[in-house]
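For reference, work31.tsv is printed below; it contains TSV, C-alpha atoms.
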chain	number	residue	atom	x	y	z
A	134	ASP	CA	126.69	87.18	83.85
A	135	SER	CA	126.02	87.09	87.62
A	136	GLY	CA	123.26	89.66	87.45
A	137	VAL	CA	125.15	92.02	89.77
A	138	THR	CA	126.09	95.29	88.07
A	139	GLN	CA	128.92	97.52	89.22
A	140	THR	CA	129.85	100.92	87.86
A	141	PRO	CA	132.25	102.30	86.93
A	142	LYS	CA	134.57	99.50	85.86
A	143	HIS	CA	137.66	101.67	86.24
A	144	LEU	CA	138.37	104.77	88.29
A	145	ILE	CA	141.57	106.77	88.26
A	146	THR	CA	141.85	109.58	90.76
A	147	ALA	CA	144.32	111.49	92.89
A	148	THR	CA	145.16	111.28	96.57
A	149	GLY	CA	142.81	113.23	98.79
A	150	GLN	CA	139.87	112.89	96.44
A	151	ARG	CA	136.47	111.27	97.02
A	152	VAL	CA	134.80	108.67	94.81
A	153	THR	CA	131.52	106.76	94.75
A	154	LEU	CA	131.17	103.17	93.59
A	155	ARG	CA	127.76	101.89	92.64
A	156	CYS	CA	126.23	98.43	92.79
A	157	SER	CA	122.91	97.05	91.58
A	158	PRO	CA	122.16	93.63	93.10
A	159	ARG	CA	120.52	90.70	91.35
A	160	SER	CA	116.79	91.05	90.98
A	161	GLY	CA	115.13	89.91	94.19
A	162	ASP	CA	118.30	89.94	96.32
A	163	LEU	CA	117.96	91.92	99.54
A	164	SER	CA	121.49	91.59	100.85
A	165	VAL	CA	124.48	93.51	99.48
A	166	TYR	CA	128.10	93.03	100.47
A	167	TRP	CA	131.19	95.07	99.66
A	168	TYR	CA	134.63	93.49	99.48
A	169	GLN	CA	138.08	94.88	98.78
A	170	GLN	CA	140.68	92.83	96.93
A	171	SER	CA	144.33	93.80	96.95
A	172	LEU	CA	147.37	91.76	95.99
A	173	ASP	CA	148.69	91.39	99.51
A	174	GLN	CA	145.40	91.07	101.42
A	175	GLY	CA	143.20	88.95	99.22
A	176	LEU	CA	139.45	89.47	99.38
A	177	GLN	CA	138.44	91.32	102.54
A	178	PHE	CA	134.90	91.95	103.71
A	179	LEU	CA	134.06	95.63	104.19
A	180	ILE	CA	130.37	96.03	104.95
A	181	GLN	CA	126.97	94.41	104.50
A	182	TYR	CA	123.47	95.80	104.05
A	183	TYR	CA	120.23	93.93	104.22
A	184	ASN	CA	117.02	95.51	102.94
A	185	GLY	CA	118.35	99.01	103.50
A	186	GLU	CA	119.86	98.47	106.93
A	187	GLU	CA	123.51	98.05	107.81
A	188	ARG	CA	123.95	94.52	109.11
A	189	ALA	CA	127.66	93.89	109.56
A	190	LYS	CA	130.95	95.71	109.33
A	191	GLY	CA	134.36	94.31	108.61
A	192	ASN	CA	137.69	96.10	108.52
A	193	ILE	CA	136.23	99.17	106.86
A	194	LEU	CA	138.13	102.41	107.31
A	195	GLU	CA	136.38	105.42	108.81
A	196	ARG	CA	137.08	107.26	105.53
A	197	PHE	CA	134.81	104.74	103.81
A	198	SER	CA	131.03	104.65	104.08
A	199	ALA	CA	128.20	102.93	102.32
A	200	GLN	CA	124.45	102.89	102.06
A	201	GLN	CA	121.68	100.86	100.50
A	202	PHE	CA	118.79	102.72	98.95
A	203	PRO	CA	115.07	101.83	98.88
A	204	ASP	CA	115.46	100.35	95.41
A	205	LEU	CA	118.18	98.12	96.97
A	206	HIS	CA	121.09	99.47	94.97
A	207	SER	CA	124.12	100.34	97.08
A	208	GLU	CA	126.89	102.88	96.97
A	209	LEU	CA	130.32	102.74	98.55
A	210	ASN	CA	131.88	106.14	99.22
A	211	LEU	CA	135.64	106.42	99.63
A	212	SER	CA	137.05	109.74	100.78
A	213	SER	CA	140.46	111.30	101.49
A	214	LEU	CA	141.89	108.66	99.22
A	215	GLU	CA	145.39	107.35	99.79
A	216	LEU	CA	147.69	105.40	97.52
A	217	GLY	CA	147.02	102.28	99.55
A	218	ASP	CA	143.33	102.41	98.71
A	219	SER	CA	144.14	101.31	95.16
A	220	ALA	CA	142.44	97.94	94.78
A	221	LEU	CA	139.57	96.06	93.21
A	222	TYR	CA	136.26	96.68	94.95
A	223	PHE	CA	133.59	94.04	94.57
A	224	CYS	CA	129.94	94.04	95.35
A	225	ALA	CA	128.07	90.80	95.95
A	226	SER	CA	124.42	90.08	96.57
A	227	SER	CA	122.35	87.27	98.03
A	228	THR	CA	118.71	86.67	98.76
A	229	GLY	CA	119.19	86.47	102.51
A	230	VAL	CA	121.89	86.19	105.11
A	231	THR	CA	122.02	82.62	106.32
A	232	GLY	CA	122.50	79.16	104.94
A	233	ILE	CA	121.40	78.51	101.41
A	234	GLN	CA	120.08	82.09	101.16
A	235	ASN	CA	123.60	83.40	101.61
A	236	ILE	CA	124.97	82.15	98.31
A	237	GLN	CA	126.73	85.29	97.12
A	238	TYR	CA	127.02	86.37	93.51
A	239	PHE	CA	129.71	88.88	92.62
A	240	GLY	CA	129.81	91.78	90.23
A	241	ALA	CA	132.71	92.36	87.85
A	242	GLY	CA	134.25	94.89	90.23
A	243	THR	CA	135.54	98.44	90.11
A	244	ARG	CA	139.28	98.87	89.74
A	245	LEU	CA	140.34	101.96	91.69
A	246	SER	CA	143.72	103.51	90.99
A	247	VAL	CA	144.82	106.34	93.27
A	248	LEU	CA	147.76	108.28	91.84
B	36	THR	CA	139.63	85.75	114.06
B	37	GLN	CA	138.43	83.11	111.66
B	38	LEU	CA	140.88	82.14	108.96
B	39	LEU	CA	140.75	79.90	105.94
B	40	GLU	CA	144.09	78.50	104.89
B	41	GLN	CA	144.22	77.56	101.27
B	42	SER	CA	146.94	75.44	99.71
B	43	PRO	CA	148.84	75.34	97.56
B	44	GLN	CA	149.12	79.03	96.79
B	45	PHE	CA	150.44	78.39	93.28
B	46	LEU	CA	150.11	75.37	91.04
B	47	SER	CA	151.51	74.94	87.55
B	48	ILE	CA	150.70	71.67	85.81
B	49	GLN	CA	150.48	70.12	82.36
B	50	GLU	CA	147.23	69.49	80.56
B	51	GLY	CA	145.75	66.13	81.53
B	52	GLU	CA	147.13	66.04	85.08
B	53	ASN	CA	144.98	65.82	88.20
B	54	LEU	CA	145.19	68.24	91.10
B	55	THR	CA	143.69	68.93	94.50
B	56	VAL	CA	143.30	72.26	96.27
B	57	TYR	CA	142.76	72.32	100.02
B	58	CYS	CA	140.93	74.77	102.23
B	59	ASN	CA	141.38	74.36	105.99
B	60	SER	CA	140.24	76.14	109.11
B	61	SER	CA	140.00	75.60	112.84
B	62	SER	CA	136.52	77.15	112.71
B	63	VAL	CA	133.22	75.58	111.76
B	64	PHE	CA	131.38	77.07	108.81
B	65	SER	CA	127.69	76.74	108.07
B	66	SER	CA	128.50	76.52	104.38
B	67	LEU	CA	131.47	76.86	102.11
B	68	GLN	CA	131.55	78.29	98.62
B	69	TRP	CA	134.14	77.78	95.87
B	70	TYR	CA	134.74	80.49	93.31
B	71	ARG	CA	136.92	80.85	90.24
B	72	GLN	CA	138.24	84.26	89.30
B	73	GLU	CA	139.97	85.41	86.13
B	74	PRO	CA	142.17	88.52	86.00
B	75	GLY	CA	140.17	91.74	86.15
B	76	GLU	CA	136.89	89.91	86.70
B	77	GLY	CA	134.72	89.12	89.68
B	78	PRO	CA	134.69	85.71	91.39
B	79	VAL	CA	132.30	83.29	89.69
B	80	LEU	CA	130.51	80.82	91.93
B	81	LEU	CA	131.30	77.18	91.21
B	82	VAL	CA	129.55	75.36	94.03
B	83	THR	CA	128.20	75.68	97.57
B	84	VAL	CA	128.51	72.85	100.08
B	85	VAL	CA	126.45	72.93	103.26
B	86	THR	CA	126.38	69.45	104.80
B	87	GLY	CA	129.34	67.85	106.56
B	88	GLY	CA	130.74	65.05	104.39
B	89	GLU	CA	128.97	66.35	101.30
B	90	VAL	CA	130.50	65.63	97.90
B	91	LYS	CA	129.45	67.54	94.81
B	92	LYS	CA	130.59	66.95	91.24
B	93	LEU	CA	130.63	69.50	88.47
B	94	LYS	CA	131.92	67.76	85.33
B	95	ARG	CA	135.65	67.22	86.02
B	96	LEU	CA	135.53	69.10	89.35
B	97	THR	CA	134.78	67.31	92.62
B	98	PHE	CA	134.15	69.28	95.79
B	99	GLN	CA	134.12	67.83	99.29
B	100	PHE	CA	133.10	69.37	102.60
B	101	GLY	CA	134.73	67.86	105.68
B	102	ASP	CA	132.64	65.95	108.17
B	103	ALA	CA	133.20	68.62	110.81
B	104	ARG	CA	132.54	71.45	108.32
B	105	LYS	CA	135.98	72.94	108.96
B	106	ASP	CA	137.68	72.01	105.72
B	107	SER	CA	137.03	71.43	102.05
B	108	SER	CA	138.82	70.26	98.94
B	109	LEU	CA	138.52	70.78	95.23
B	110	HIS	CA	139.80	68.03	92.95
B	111	ILE	CA	140.16	68.57	89.21
B	112	THR	CA	140.56	65.56	86.95
B	113	ALA	CA	142.38	65.81	83.63
B	114	ALA	CA	142.98	69.54	83.90
B	115	GLN	CA	142.63	71.66	80.76
B	116	PRO	CA	144.10	75.09	79.89
B	117	GLY	CA	140.61	76.53	80.31
B	118	ASP	CA	140.78	75.63	84.01
B	119	THR	CA	143.50	78.25	84.48
B	120	GLY	CA	142.52	80.89	87.03
B	121	LEU	CA	142.39	81.83	90.70
B	122	TYR	CA	140.38	79.40	92.83
B	123	LEU	CA	138.95	80.80	96.05
B	124	CYS	CA	137.22	79.09	98.92
B	125	ALA	CA	134.96	81.15	101.16
B	126	GLY	CA	133.24	80.16	104.37
B	127	ASP	CA	130.02	81.51	105.79
B	128	ASP	CA	130.68	82.03	109.49
B	129	ASN	CA	126.96	82.09	110.22
B	130	GLN	CA	127.30	85.41	112.03
B	131	GLY	CA	125.34	87.58	109.68
B	132	GLY	CA	126.37	86.53	106.23
B	133	LYS	CA	129.85	87.76	105.47
B	134	LEU	CA	132.21	85.36	103.77
B	135	ILE	CA	135.70	84.59	105.03
B	136	PHE	CA	137.93	84.06	102.00
B	137	GLY	CA	141.02	81.96	101.64
B	138	GLN	CA	144.04	83.56	99.98
B	139	GLY	CA	143.38	81.65	96.78
B	140	THR	CA	145.16	79.10	94.61
B	141	GLU	CA	146.58	80.39	91.35
B	142	LEU	CA	146.29	77.51	88.88
B	143	SER	CA	148.09	77.47	85.55
B	144	VAL	CA	147.44	74.58	83.17
B	145	LYS	CA	149.87	74.44	80.26
B	146	PRO	CA	148.97	72.77	76.97
Once you've parsed the file, please lay out its structure as structure tokens.
Amino acid sequence: DSGVTQTPKHLITATGQRVTLRCSPRSGDLSVYWYQQSLDQGLQFLIQYYNGEERAKGNILERFSAQQFPDLHSELNLSSLELGDSALYFCASSTGVTGIQNIQYFGAGTRLSVL
Amino acid sequence: TQLLEQSPQFLSIQEGENLTVYCNSSSVFSSLQWYRQEPGEGPVLLVTVVTGGEVKKLKRLTFQFGDARKDSSLHITAAQPGDTGLYLCAGDDNQGGKLIFGQGTELSVKP
């Protein structure tokens, strides 16, 4: 158990819908990362938050947004869903953002299926 | 764009054989992490290497970070069926914390 909790484990929804994925980081970790894993793209970085503030963005679509709350949990919101958004979404956390503080621990993921 | 090239992409071997997985880049990374992932699960951290030339051993697994911190290798001795899984290398580009992942090596160890 990595200590990172993601809910729900599975999500099945229809095109055009909106979903929210939730992540609770390891106790004491301030940094949260979201990654998308699909068969053809591998693991791709989406967005990072550190202590409530957005710190870095990757190839995240405008239809996607995220936030980190004062209690450090994070939510990833996906809207106007398309078939191609079907993937595994992972959250990871670390104590900090550089060097040895950036050892990232991953949650078990949320499998999103858009039908 | 920073890339990590991982090879081989697929590896199917018999129990007891040795193998090496390579992770190469033209970019320098401040650290490199190796993960193992099983189907439907999240990546599980195996090791982090931070110093050029560093070698770390984890039972039958040996990890090496290149002197220039651009490449790394994972060597497994006497592979066992329990080693089966997807092995991922990931580099910290030292530009805020995100990890750049290789495409992964799918290892299958047959009894």
Quick one: which residues from chain A are at most 6 Å off chain B, using only C-alpha atoms, as a ChimeraX atom specification? /A:175,230-231,239-242
Skipping near chain neighbours, those fewer than 4 positions away, what residues fall within 8 Å of B:Cys58 using all atoms listed in the file, listed as a PDB file with C-alpha atoms, in the coordinates of the input?
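That gives us result_33.pdb:
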ATOM      1  CA  LEU B  39     140.750  79.900 105.940  1.00  0.00           C
ATOM      2  CA  GLU B  40     144.090  78.500 104.890  1.00  0.00           C
ATOM      3  CA  GLN B  41     144.220  77.560 101.270  1.00  0.00           C
ATOM      4  CA  SER B  42     146.940  75.440  99.710  1.00  0.00           C
ATOM      5  CA  ASP B 106     137.680  72.010 105.720  1.00  0.00           C
ATOM      6  CA  SER B 107     137.030  71.430 102.050  1.00  0.00           C
ATOM      7  CA  SER B 108     138.820  70.260  98.940  1.00  0.00           C
ATOM      8  CA  CYS B 124     137.220  79.090  98.920  1.00  0.00           C
ATOM      9  CA  GLY B 137     141.020  81.960 101.640  1.00  0.00           C
TER      10      GLY B 137
END
Spatial neighbours of stretch 224-226 of chain A, max dist 6 Å, all atoms listed in the file, sep filter under 5 positions, as an MDAnalysis selection string: chainID A and resid 158 164:167 237:240
Would you mind exporting the chosen residues as a PDB file, keeping the file's coordinate frame, restricted to C-alpha atoms?
ATOM      1  CA  PRO A 158     122.160  93.630  93.100  1.00  0.00           C
ATOM      2  CA  SER A 164     121.490  91.590 100.850  1.00  0.00           C
ATOM      3  CA  VAL A 165     124.480  93.510  99.480  1.00  0.00           C
ATOM      4  CA  TYR A 166     128.100  93.030 100.470  1.00  0.00           C
ATOM      5  CA  TRP A 167     131.190  95.070  99.660  1.00  0.00           C
ATOM      6  CA  GLN A 237     126.730  85.290  97.120  1.00  0.00           C
ATOM      7  CA  TYR A 238     127.020  86.370  93.510  1.00  0.00           C
ATOM      8  CA  PHE A 239     129.710  88.880  92.620  1.00  0.00           C
ATOM      9  CA  GLY A 240     129.810  91.780  90.230  1.00  0.00           C
TER      10      GLY A 240
END
Excluding B:Val63 and any residue of its chain fewer than 5 positions from it, enumerate the residues within 8 Å of it, using all atoms listed in the file, and give them as a ChimeraX atom specification. /B:103-105,128
A:Gly161 environment, 12 Å, only C-alpha atoms, sequence neighbours closer than 3 positions dropped, as a tab-separated table (two decimals) with C-alpha atoms, keeping the file's coordinate frame:
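Just written: selection-v3.tsv:
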chain	number	residue	atom	x	y	z
A	136	GLY	CA	123.26	89.66	87.45
A	137	VAL	CA	125.15	92.02	89.77
A	157	SER	CA	122.91	97.05	91.58
A	158	PRO	CA	122.16	93.63	93.10
A	164	SER	CA	121.49	91.59	100.85
A	165	VAL	CA	124.48	93.51	99.48
A	183	TYR	CA	120.23	93.93	104.22
A	184	ASN	CA	117.02	95.51	102.94
A	204	ASP	CA	115.46	100.35	95.41
A	205	LEU	CA	118.18	98.12	96.97
A	206	HIS	CA	121.09	99.47	94.97
A	226	SER	CA	124.42	90.08	96.57
A	227	SER	CA	122.35	87.27	98.03
A	228	THR	CA	118.71	86.67	98.76
A	229	GLY	CA	119.19	86.47	102.51
A	234	GLN	CA	120.08	82.09	101.16
For A:Glu215, find every residue with an atom within 7 Å (counting only C-alpha atoms), except residues of its own chain fewer than 2 positions away, and show them as a ChimeraX atom specification. /A:148-149,213,217-218,247
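In this model, the gap between atom CA of A:Ala220 and atom CA of A:Leu163 comes to 25.7 Å.
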Given all atoms listed in the file as the counted atoms, nearest of A:Gln169, A:Thr146, A:Gln174, A:Thr140 to A:Ile193: A:Gln169
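When all atoms listed in the file are used to measure the gap to A:Arg196, the shortest distance among A:Lys142, A:Arg159, A:Arg244, A:Arg151 belongs to A:Arg151.
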Just how far from atom CA of A:Ser246 is atom CA of A:Leu144, in Å to one decimal? 6.1 Å
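Distances from A:Thr138, A:Tyr222, A:Leu179, A:Arg155 to A:Gln201 were compared using all atoms listed in the file, and the smallest one belongs to A:Arg155.
Between atom CA of B:Gly101 and atom CA of B:Asn59 there is a distance of 9.3 Å.
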Can you work out which one of A:Ser219, A:Asn192, A:Gln150, A:Asn210 has the shortest atom-to-atom distance to A:Gln177, counting all atoms listed in the file? A:Asn192
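Each of A:Glu208, A:Pro141, A:Phe178, A:Ile236 was compared to A:Lys190 using all atoms listed in the file, and A:Phe178 turns out to be the nearest.
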Mind dumping stretch 220-233 of chain A from that block, keeping N, CA and C atoms, as a PDB file, in the first residue's frame?
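Listed below is the output, result15.pdb:
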ATOM      1  N   ALA A 220      -9.153   5.804 -20.190  1.00  0.00           N
ATOM      2  CA  ALA A 220      -7.766   5.553 -19.802  1.00  0.00           C
ATOM      3  C   ALA A 220      -7.728   5.277 -18.309  1.00  0.00           C
ATOM      4  N   LEU A 221      -6.524   4.979 -17.837  1.00  0.00           N
ATOM      5  CA  LEU A 221      -6.266   4.909 -16.402  1.00  0.00           C
ATOM      6  C   LEU A 221      -5.726   6.261 -15.963  1.00  0.00           C
ATOM      7  N   TYR A 222      -6.266   6.780 -14.894  1.00  0.00           N
ATOM      8  CA  TYR A 222      -5.803   8.064 -14.355  1.00  0.00           C
ATOM      9  C   TYR A 222      -5.182   7.798 -12.987  1.00  0.00           C
ATOM     10  N   PHE A 223      -3.922   8.210 -12.866  1.00  0.00           N
ATOM     11  CA  PHE A 223      -3.192   7.994 -11.631  1.00  0.00           C
ATOM     12  C   PHE A 223      -2.882   9.308 -10.944  1.00  0.00           C
ATOM     13  N   CYS A 224      -2.927   9.226  -9.640  1.00  0.00           N
ATOM     14  CA  CYS A 224      -2.471  10.311  -8.800  1.00  0.00           C
ATOM     15  C   CYS A 224      -1.198   9.831  -8.100  1.00  0.00           C
ATOM     16  N   ALA A 225      -0.251  10.727  -7.936  1.00  0.00           N
ATOM     17  CA  ALA A 225       0.967  10.421  -7.195  1.00  0.00           C
ATOM     18  C   ALA A 225       1.228  11.558  -6.224  1.00  0.00           C
ATOM     19  N   SER A 226       1.949  11.260  -5.145  1.00  0.00           N
ATOM     20  CA  SER A 226       2.294  12.332  -4.223  1.00  0.00           C
ATOM     21  C   SER A 226       3.747  12.216  -3.799  1.00  0.00           C
ATOM     22  N   SER A 227       4.299  13.342  -3.390  1.00  0.00           N
ATOM     23  CA  SER A 227       5.670  13.390  -2.888  1.00  0.00           C
ATOM     24  C   SER A 227       5.742  14.471  -1.831  1.00  0.00           C
ATOM     25  N   THR A 228       6.815  14.434  -1.051  1.00  0.00           N
ATOM     26  CA  THR A 228       6.925  15.429   0.016  1.00  0.00           C
ATOM     27  C   THR A 228       7.198  16.813  -0.555  1.00  0.00           C
ATOM     28  N   GLY A 229       8.081  16.852  -1.563  1.00  0.00           N
ATOM     29  CA  GLY A 229       8.438  18.133  -2.162  1.00  0.00           C
ATOM     30  C   GLY A 229       8.484  18.025  -3.666  1.00  0.00           C
ATOM     31  N   VAL A 230       9.333  18.829  -4.282  1.00  0.00           N
ATOM     32  CA  VAL A 230       9.332  18.857  -5.741  1.00  0.00           C
ATOM     33  C   VAL A 230      10.700  18.650  -6.368  1.00  0.00           C
ATOM     34  N   THR A 231      11.742  18.571  -5.564  1.00  0.00           N
ATOM     35  CA  THR A 231      13.053  18.411  -6.163  1.00  0.00           C
ATOM     36  C   THR A 231      13.841  17.321  -5.453  1.00  0.00           C
ATOM     37  N   GLY A 232      14.750  16.734  -6.221  1.00  0.00           N
ATOM     38  CA  GLY A 232      15.680  15.766  -5.671  1.00  0.00           C
ATOM     39  C   GLY A 232      15.012  14.642  -4.913  1.00  0.00           C
ATOM     40  N   ILE A 233      15.564  14.352  -3.779  1.00  0.00           N
ATOM     41  CA  ILE A 233      15.105  13.206  -2.992  1.00  0.00           C
ATOM     42  C   ILE A 233      13.685  13.436  -2.465  1.00  0.00           C
TER      43      ILE A 233
END
